[in-house]
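*Asks:* File data_12.cif below, mmCIF, C-alpha atoms:
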```cif
data_entry
loop_
_atom_site.label_atom_id
_atom_site.label_comp_id
_atom_site.auth_asym_id
_atom_site.auth_seq_id
_atom_site.Cartn_x
_atom_site.Cartn_y
_atom_site.Cartn_z
CA MET T 1 227.76 77.89 25.80
CA THR T 2 226.27 80.71 23.73
CA ASN T 3 222.74 79.88 24.88
CA GLU T 4 223.86 79.89 28.53
CA ILE T 5 225.40 83.36 28.15
CA ALA T 6 222.24 84.70 26.47
CA THR T 7 220.11 83.27 29.25
CA ARG T 8 222.28 84.87 31.95
CA ASP T 9 222.10 88.24 30.11
CA GLU T 10 218.30 88.09 29.95
CA GLN T 11 218.11 87.28 33.64
CA ALA T 12 220.42 90.18 34.45
CA VAL T 13 218.25 92.56 32.43
CA ALA T 14 215.13 91.28 34.15
CA VAL T 15 216.68 91.80 37.57
CA THR T 16 217.95 95.32 36.87
CA ALA T 17 214.77 96.57 35.13
CA PRO T 18 213.14 99.40 37.13
CA GLN T 19 210.12 98.33 39.12
CA PRO T 20 207.21 100.57 40.10
CA THR T 21 207.47 101.78 43.66
CA ASN T 22 205.02 100.65 46.30
CA GLU T 23 203.83 104.25 46.69
CA LEU T 24 202.94 104.53 43.02
CA MET T 25 201.21 101.16 43.03
CA GLU T 26 199.18 102.21 46.04
CA TRP T 27 198.18 105.42 44.29
CA VAL T 28 197.09 103.51 41.18
CA GLU T 29 194.97 101.23 43.33
CA SER T 30 193.50 104.25 45.09
CA ALA T 31 192.64 105.79 41.72
CA ARG T 32 190.93 102.59 40.64
CA GLN T 33 188.89 102.45 43.84
CA ALA T 34 188.06 106.16 43.56
CA ASN T 35 186.75 105.61 40.06
CA LEU T 36 184.48 102.84 41.27
CA VAL T 37 183.08 105.18 43.90
CA ALA T 38 182.72 107.93 41.30
CA GLN T 39 180.70 105.68 38.99
CA SER T 40 178.29 105.03 41.85
CA LEU T 41 177.93 108.69 42.80
CA ALA T 42 177.85 110.28 39.36
CA ASN T 43 174.09 109.87 38.84
CA THR T 44 173.00 110.87 42.34
CA SER T 45 172.05 114.27 43.69
CA PHE T 46 174.92 113.99 46.17
CA ALA T 47 177.32 114.63 43.29
CA GLY T 48 176.01 118.18 43.01
CA ALA T 49 177.74 120.08 40.23
CA TYR T 50 179.74 116.93 39.39
CA ARG T 51 176.62 114.98 38.52
CA GLY T 52 177.11 112.89 35.38
CA LYS T 53 180.90 113.47 35.45
CA PRO T 54 182.55 110.38 36.97
CA ASP T 55 186.02 111.32 35.76
CA GLU T 56 185.87 114.69 37.51
CA ILE T 57 184.49 113.04 40.64
CA THR T 58 187.48 110.67 40.58
CA ALA T 59 189.87 113.61 40.33
CA ALA T 60 188.11 115.42 43.17
CA ILE T 61 188.25 112.34 45.40
CA LEU T 62 191.96 111.80 44.71
CA THR T 63 192.72 115.47 45.32
CA GLY T 64 190.77 115.38 48.55
CA GLN T 65 192.61 112.24 49.62
CA GLU T 66 195.92 114.10 49.39
CA LEU T 67 194.45 116.82 51.58
CA GLY T 68 193.09 114.38 54.13
CA LEU T 69 189.44 114.70 53.04
CA GLN T 70 186.97 111.86 52.78
CA PRO T 71 185.31 111.35 49.34
CA MET T 72 181.97 112.97 50.16
CA THR T 73 183.69 115.88 51.91
CA ALA T 74 185.91 116.37 48.87
CA LEU T 75 182.88 116.69 46.58
CA LYS T 76 181.51 119.45 48.80
CA SER T 77 184.84 121.22 49.25
CA ILE T 78 186.56 121.25 45.85
CA ASP T 79 185.29 123.22 42.86
CA VAL T 80 186.57 123.28 39.31
CA ILE T 81 186.71 126.87 38.10
CA GLN T 82 187.97 127.75 34.63
CA GLY T 83 189.46 124.25 34.44
CA GLN T 84 191.36 124.57 37.74
CA PRO T 85 190.53 122.81 41.04
CA ALA T 86 190.18 125.08 44.06
CA LEU T 87 189.21 124.61 47.69
CA ARG T 88 186.32 126.52 49.16
CA ALA T 89 187.36 128.91 51.90
CA HIS T 90 185.67 127.01 54.74
CA ALA T 91 187.38 123.77 53.64
CA MET T 92 190.76 125.49 53.46
CA ARG T 93 190.30 126.84 56.97
CA ALA T 94 189.24 123.41 58.24
CA ILE T 95 192.31 121.70 56.77
CA VAL T 96 194.68 124.23 58.33
CA GLN T 97 192.98 123.99 61.72
CA HIS T 98 193.00 120.19 61.53
CA GLN T 99 196.78 120.37 61.18
CA GLY T 100 196.89 122.16 64.54
CA HIS T 101 197.34 125.74 63.34
CA ASP T 102 195.29 128.55 64.86
CA ILE T 103 192.91 130.80 62.89
CA GLU T 104 190.64 133.40 64.46
CA LEU T 105 188.09 135.79 63.00
CA VAL T 106 188.63 139.10 64.78
CA GLU T 107 186.19 141.44 63.01
CA SER T 108 183.82 141.05 60.10
CA ASP T 109 181.07 143.08 58.43
CA ASP T 110 180.08 144.21 54.92
CA THR T 111 182.97 146.67 54.70
CA HIS T 112 185.98 144.91 56.22
CA CYS T 113 187.33 141.67 57.67
CA VAL T 114 190.21 141.12 60.09
CA MET T 115 191.56 137.62 60.70
CA ARG T 116 194.65 136.38 62.50
CA GLY T 117 196.46 133.06 62.67
CA ARG T 118 199.63 131.39 63.87
CA ARG T 119 201.45 128.25 62.96
CA LYS T 120 201.35 125.30 65.32
CA GLY T 121 203.89 125.81 68.09
CA ALA T 122 204.54 129.46 67.18
CA GLU T 123 203.92 132.40 69.48
CA THR T 124 203.64 135.18 66.88
CA TRP T 125 200.26 135.86 65.28
CA GLN T 126 199.92 136.87 61.63
CA ALA T 127 197.10 139.36 60.95
CA VAL T 128 195.31 139.87 57.63
CA THR T 129 192.88 142.66 56.76
CA TRP T 130 190.59 142.79 53.76
CA ASP T 131 188.29 145.75 53.13
CA ILE T 132 186.16 147.25 50.38
CA PRO T 133 188.82 149.75 49.18
CA ARG T 134 191.27 146.88 48.71
CA ALA T 135 188.71 144.87 46.79
CA GLN T 136 187.90 147.92 44.67
CA ARG T 137 191.55 148.40 43.71
CA LEU T 138 191.57 144.82 42.41
CA GLY T 139 188.37 145.34 40.41
CA LEU T 140 186.32 142.85 42.44
CA LEU T 141 183.30 144.92 43.38
CA GLY T 142 181.65 144.62 39.98
CA LYS T 143 181.36 140.84 40.29
CA ASP T 144 178.02 139.29 41.14
CA GLN T 145 179.06 137.60 44.38
CA TRP T 146 180.67 140.77 45.71
CA LYS T 147 177.43 142.66 45.09
CA LYS T 148 175.27 140.03 46.80
CA GLN T 149 177.42 139.02 49.77
CA PRO T 150 180.44 141.27 50.35
CA LYS T 151 180.90 140.06 53.94
CA THR T 152 181.30 136.43 52.87
CA MET T 153 183.68 137.31 50.06
CA LEU T 154 185.84 139.44 52.36
CA VAL T 155 186.11 136.53 54.81
CA ALA T 156 187.01 134.16 51.97
CA ARG T 157 189.76 136.45 50.73
CA ALA T 158 191.18 136.87 54.22
CA THR T 159 191.01 133.11 54.78
CA GLY T 160 192.95 132.30 51.63
CA GLU T 161 195.67 134.84 52.34
CA LEU T 162 196.04 133.83 56.00
CA CYS T 163 196.21 130.09 55.26
CA ARG T 164 198.97 130.70 52.73
CA LEU T 165 200.91 132.72 55.29
CA ILE T 166 200.87 130.24 58.15
CA ALA T 167 200.40 126.81 56.56
CA SER T 168 201.00 126.71 52.82
CA ASP T 169 202.41 123.18 53.18
CA ALA T 170 199.01 121.91 54.37
CA LEU T 171 197.33 122.96 51.11
CA HIS T 172 199.34 120.63 48.84
CA GLY T 173 199.32 122.70 45.67
CA LEU T 174 195.83 124.17 46.09
CA PRO T 175 196.79 127.55 47.52
CA TYR T 176 193.74 129.52 46.41
CA ALA T 177 190.26 129.47 47.83
CA ALA T 178 187.54 128.95 45.24
CA GLU T 179 186.10 132.37 46.09
CA GLU T 180 189.40 133.95 45.06
CA VAL T 181 189.35 132.50 41.56
CA ASP T 182 187.74 134.42 38.70
CA GLY T 183 184.56 132.65 37.60
CA TYR T 184 183.40 131.46 41.01
CA VAL T 185 179.61 131.05 41.02
CA HIS T 186 177.97 129.77 44.22
CA GLY T 187 180.42 126.92 44.52
CA GLU T 188 179.36 125.39 41.21
CA VAL T 189 181.59 123.96 38.53
CA ALA T 190 181.86 126.93 36.22
CA PRO T 191 182.36 126.32 32.48
CA ALA T 192 185.48 127.77 30.96
CA LYS T 193 185.00 130.99 29.06
CA THR T 194 185.24 130.72 25.28
CA PRO T 195 188.08 132.94 24.06
CA LEU T 196 187.08 135.60 21.57
CA SER T 197 188.44 135.20 18.06
CA VAL T 198 190.19 137.98 16.17
CA ALA T 199 187.19 138.19 13.83
CA ALA T 200 184.83 138.66 16.77
CA LEU T 201 186.99 141.44 18.20
CA THR T 202 187.43 143.32 14.92
CA SER T 203 184.05 142.83 13.26
CA THR T 204 181.63 145.73 12.95
CA PRO T 205 178.39 145.23 14.87
CA ALA T 206 175.44 144.60 12.59
CA VAL T 207 172.96 147.45 12.43
CA GLU T 208 169.35 146.38 12.65
CA ALA T 209 167.19 147.56 9.78
CA ALA T 210 164.40 149.96 10.67
CA PRO T 211 160.98 148.30 10.57
CA ALA T 212 158.93 149.00 7.46
CA GLN T 213 155.99 151.36 7.90
CA THR T 214 152.51 149.98 7.45
CA ALA T 215 149.87 151.63 5.39
CA GLU T 216 148.25 153.10 8.51
CA GLU T 217 151.55 154.65 9.61
CA THR T 218 152.26 156.29 6.25
CA HIS T 219 151.68 160.05 6.23
CA GLN T 220 151.77 162.43 3.30
CA VAL T 221 152.70 166.05 3.79
CA THR T 222 152.13 168.71 1.16
CA ARG T 223 155.09 170.99 0.75
CA ASP T 224 154.57 174.75 0.63
CA ASP T 225 156.19 174.97 -2.76
CA GLN T 226 153.56 172.56 -4.13
CA ALA T 227 150.62 174.78 -3.12
CA PRO T 228 148.50 176.36 -5.92
CA ALA T 229 150.37 179.25 -7.44
CA ASP T 230 147.30 181.50 -7.78
CA GLY T 231 146.64 181.50 -4.02
CA ILE T 232 142.88 180.97 -4.59
CA TRP T 233 141.03 179.70 -1.53
CA ASP T 234 139.61 176.20 -2.02
CA ALA T 235 136.24 176.58 -0.38
CA GLU T 236 135.12 173.00 -1.05
CA ALA T 237 138.26 171.60 0.60
CA ALA T 238 137.66 173.79 3.65
CA GLU T 239 134.04 172.70 3.98
CA ASP T 240 134.95 168.98 3.64
CA SER T 241 137.80 169.13 6.20
CA VAL T 242 136.98 167.66 9.62
CA ASP T 243 139.96 169.39 11.23
CA TRP T 244 138.96 172.93 10.39
CA PRO T 245 137.32 174.82 13.31
CA GLU T 246 133.66 175.66 12.73
CA THR T 247 134.23 179.29 13.70
CA ALA T 248 137.04 179.78 11.24
CA GLN T 249 136.17 181.61 8.03
CA PRO T 250 138.20 181.90 4.87
CA GLY T 251 140.65 184.72 5.28
CA SER T 252 140.21 184.92 9.10
CA ALA T 253 142.38 183.53 11.91
CA ALA T 254 141.65 179.94 12.95
#
```
Can you dump the structure from the file as structure tokens?

*Replies:*
Amino acid sequence: MTNEIATRDEQAVAVTAPQPTNELMEWVESARQANLVAQSLANTSFAGAYRGKPDEITAAILTGQELGLQPMTALKSIDVIQGQPALRAHAMRAIVQHQGHDIELVESDDTHCVMRGRRKGAETWQAVTWDIPRAQRLGLLGKDQWKKQPKTMLVARATGELCRLIASDALHGLPYAAEEVDGYVHGEVAPAKTPLSVAALTSTPAVEAAPAQTAEETHQVTRDDQAPADGIWDAEAAEDSVDWPETAQPGSAA
């Protein structure tokens, strides 16, 4: 009787034990398949900045899958900047438009950008303006990309802000365009900055020692107080000197 009760208890525990959901199991299988693809792509030029990094390729593919992007499109659209994944502006705009939302570029040049957009089914347009004074207030103009291509960076900023306004749900946790994140460099995977230590911040800069003079650079100057006390003219020294003008005579002006 005791054995029968123990058996029934074990069966009850087995039945009531939580089971992984189908959704989670599907995701695990997707991750496994993504890793197989990543291993194949990691050593090719198609991997771009992810070359030699299969784990990061896997993460990019899975992230892109949640956004509705195919694996190769995800590699071209998602950057890792300072350890954080971010969509490039053109990819963000494409995702929002693919969801049926409207985005229009109204005006754009090197000094300002005006974009407008509206959510699918809505009648009201949302307008966004980015200009150089606004970028200057945020301290952006000193960055390399803003110096080289201000028009592109203004469009990227306007794109990110507009997409968040009209379709933040389509971005699935990646609300910022890569061009908006500090450290963006031509869409490459930028290495994280090494934090400065307290010693590095408080140490006194080393002063370089002055280079030693060679024998040819050494000059000797006779001080006035070392001149002969009797004031007698040294005729032999004057005759041997190559610097003394030929017309000069002892006691006369040179």

*Asks:* May I ask which of the residues T:His90, T:Gly64, T:His101, T:Leu75 is the closest one to Arg51 of chain T, counting all atoms listed in the file?

*Replies:*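 The closest residue to Arg51 of chain T is T:Leu75.
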
*Asks:* Which residue out of T:Thr73, T:Val80, T:Glu29, T:Asp144 has the minimum interatomic distance to Glu56 of chain T when only C-alpha atoms are used?

*Replies:*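 Among the listed residues, the smallest separation from Glu56 of chain T belongs to T:Val80.
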
*Asks:* For the PyMOL selection byres ((chain T and resi 145-155) around 6), applied here, can you spell out every residue it catches as a list in words?

*Replies:*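 Selection result, ordered by chain and number: Asp109, Asp110, Cys113, Trp130, Leu141, Lys143, Asp144, Ala156, Arg157, Ala158 and Thr159 of chain T.
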
*Asks:* Calculated over all atoms listed in the file, which of the candidates T:Gln99, T:Ser45, T:Gly52, T:Gln65 has the smallest distance to Gln33 of chain T?

*Replies:*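 Comparing T:Gln99, T:Ser45, T:Gly52, T:Gln65 against Gln33 of chain T, the winner is T:Gln65.
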
*Asks:* Expand the PyMOL selection byres ((chain T and resi 35) around 8) into the explicit residue set it covers here, and present it as a short mmCIF file (atom, residue, chain, number, x, y, z; two decimals) with C-alpha atoms, in the frame of the given file.

*Replies:*
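Output contents, as saved in part19.cif:
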```cif
data_model
loop_
_atom_site.label_atom_id
_atom_site.label_comp_id
_atom_site.auth_asym_id
_atom_site.auth_seq_id
_atom_site.Cartn_x
_atom_site.Cartn_y
_atom_site.Cartn_z
CA ALA T 31 192.64 105.79 41.72
CA ARG T 32 190.93 102.59 40.64
CA GLN T 33 188.89 102.45 43.84
CA ALA T 34 188.06 106.16 43.56
CA LEU T 36 184.48 102.84 41.27
CA VAL T 37 183.08 105.18 43.90
CA ALA T 38 182.72 107.93 41.30
CA GLN T 39 180.70 105.68 38.99
CA PRO T 54 182.55 110.38 36.97
CA ASP T 55 186.02 111.32 35.76
CA ILE T 57 184.49 113.04 40.64
CA THR T 58 187.48 110.67 40.58
#
```

*Asks:* Check the smallest atom-to-atom distance from each of T:Thr129, T:Phe46, T:Ser77, T:Ser108 to Ile61 of chain T using all atoms listed in the file, then report the winner.

*Replies:*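 Distance minimum relative to Ile61 of chain T lands on T:Ser77.
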
*Asks:* To one decimal place in Å, what is the distance between atom CA of Ala89 of chain T and atom CA of Ala177 of chain T?

*Replies:*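 Atom CA of Ala177 of chain T lies 5.0 Å from atom CA of Ala89 of chain T.
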
*Asks:* Of the residues T:Asn22, T:Thr111, T:Gln126, T:Ser40, which is the one nearest to Lys53 of chain T, using only C-alpha atoms?

*Replies:* T:Ser40

*Asks:* Using all atoms listed in the file, which of T:Val28, T:Ala47, T:Leu140, T:Leu174 sits nearest Thr63 of chain T?

*Replies:*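 Smallest distance to Thr63 of chain T is found for T:Leu174.
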
*Asks:* Could you please determine the separation between atom CA of Ala49 of chain T and atom CA of Ile78 of chain T in Å, to one decimal place?

*Replies:*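 Separation between atom CA of Ala49 of chain T and atom CA of Ile78 of chain T: 10.5 Å.
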
*Asks:* Any chance you could model N, CA and C atoms for segment 113-139 of chain T and send them as a tab-separated table (two decimals), in the coordinates of the input?

*Replies:*
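New file rebuild33.tsv:
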```
chain	number	residue	atom	x	y	z
T	113	CYS	N	187.15	142.93	56.96
T	113	CYS	CA	187.33	141.67	57.67
T	113	CYS	C	188.76	141.61	58.19
T	114	VAL	N	188.90	141.27	59.47
T	114	VAL	CA	190.21	141.12	60.09
T	114	VAL	C	190.30	139.70	60.65
T	115	MET	N	191.30	138.96	60.21
T	115	MET	CA	191.56	137.62	60.70
T	115	MET	C	193.02	137.53	61.15
T	116	ARG	N	193.29	136.62	62.08
T	116	ARG	CA	194.65	136.38	62.50
T	116	ARG	C	194.88	134.88	62.66
T	117	GLY	N	196.14	134.48	62.53
T	117	GLY	CA	196.46	133.06	62.67
T	117	GLY	C	197.91	132.88	63.04
T	118	ARG	N	198.25	131.71	63.54
T	118	ARG	CA	199.63	131.39	63.87
T	118	ARG	C	199.86	129.90	63.64
T	119	ARG	N	201.07	129.63	63.25
T	119	ARG	CA	201.45	128.25	62.96
T	119	ARG	C	201.55	127.46	64.26
T	120	LYS	N	201.30	126.17	64.15
T	120	LYS	CA	201.35	125.30	65.32
T	120	LYS	C	202.71	125.42	66.02
T	121	GLY	N	202.67	125.69	67.30
T	121	GLY	CA	203.89	125.81	68.09
T	121	GLY	C	204.50	127.19	68.09
T	122	ALA	N	203.99	128.11	67.23
T	122	ALA	CA	204.54	129.46	67.18
T	122	ALA	C	203.84	130.37	68.18
T	123	GLU	N	204.50	131.43	68.55
T	123	GLU	CA	203.92	132.40	69.48
T	123	GLU	C	203.42	133.66	68.77
T	124	THR	N	203.98	133.95	67.61
T	124	THR	CA	203.64	135.18	66.88
T	124	THR	C	202.41	134.97	66.01
T	125	TRP	N	201.48	135.90	66.10
T	125	TRP	CA	200.26	135.86	65.28
T	125	TRP	C	200.48	136.66	64.00
T	126	GLN	N	199.92	136.16	62.91
T	126	GLN	CA	199.92	136.87	61.63
T	126	GLN	C	198.51	137.43	61.41
T	127	ALA	N	198.40	138.73	61.15
T	127	ALA	CA	197.10	139.36	60.95
T	127	ALA	C	196.90	139.72	59.48
T	128	VAL	N	195.67	139.56	59.02
T	128	VAL	CA	195.31	139.87	57.63
T	128	VAL	C	194.04	140.72	57.64
T	129	THR	N	194.05	141.78	56.86
T	129	THR	CA	192.88	142.66	56.76
T	129	THR	C	192.45	142.78	55.30
T	130	TRP	N	191.18	142.57	55.08
T	130	TRP	CA	190.59	142.79	53.76
T	130	TRP	C	189.42	143.75	53.92
T	131	ASP	N	189.38	144.79	53.06
T	131	ASP	CA	188.29	145.75	53.13
T	131	ASP	C	187.83	146.11	51.72
T	132	ILE	N	186.75	146.88	51.67
T	132	ILE	CA	186.16	147.25	50.38
T	132	ILE	C	187.13	148.06	49.51
T	133	PRO	N	187.86	149.04	50.04
T	133	PRO	CA	188.82	149.75	49.18
T	133	PRO	C	189.84	148.83	48.54
T	134	ARG	N	190.30	147.83	49.27
T	134	ARG	CA	191.27	146.88	48.71
T	134	ARG	C	190.64	146.07	47.60
T	135	ALA	N	189.41	145.62	47.82
T	135	ALA	CA	188.71	144.87	46.79
T	135	ALA	C	188.44	145.73	45.56
T	136	GLN	N	188.17	147.00	45.79
T	136	GLN	CA	187.90	147.92	44.67
T	136	GLN	C	189.15	148.11	43.82
T	137	ARG	N	190.30	148.22	44.46
T	137	ARG	CA	191.55	148.40	43.71
T	137	ARG	C	191.84	147.20	42.81
T	138	LEU	N	191.36	146.02	43.21
T	138	LEU	CA	191.57	144.82	42.41
T	138	LEU	C	190.44	144.57	41.41
T	139	GLY	N	189.46	145.48	41.36
T	139	GLY	CA	188.37	145.34	40.41
T	139	GLY	C	187.39	144.24	40.74
```
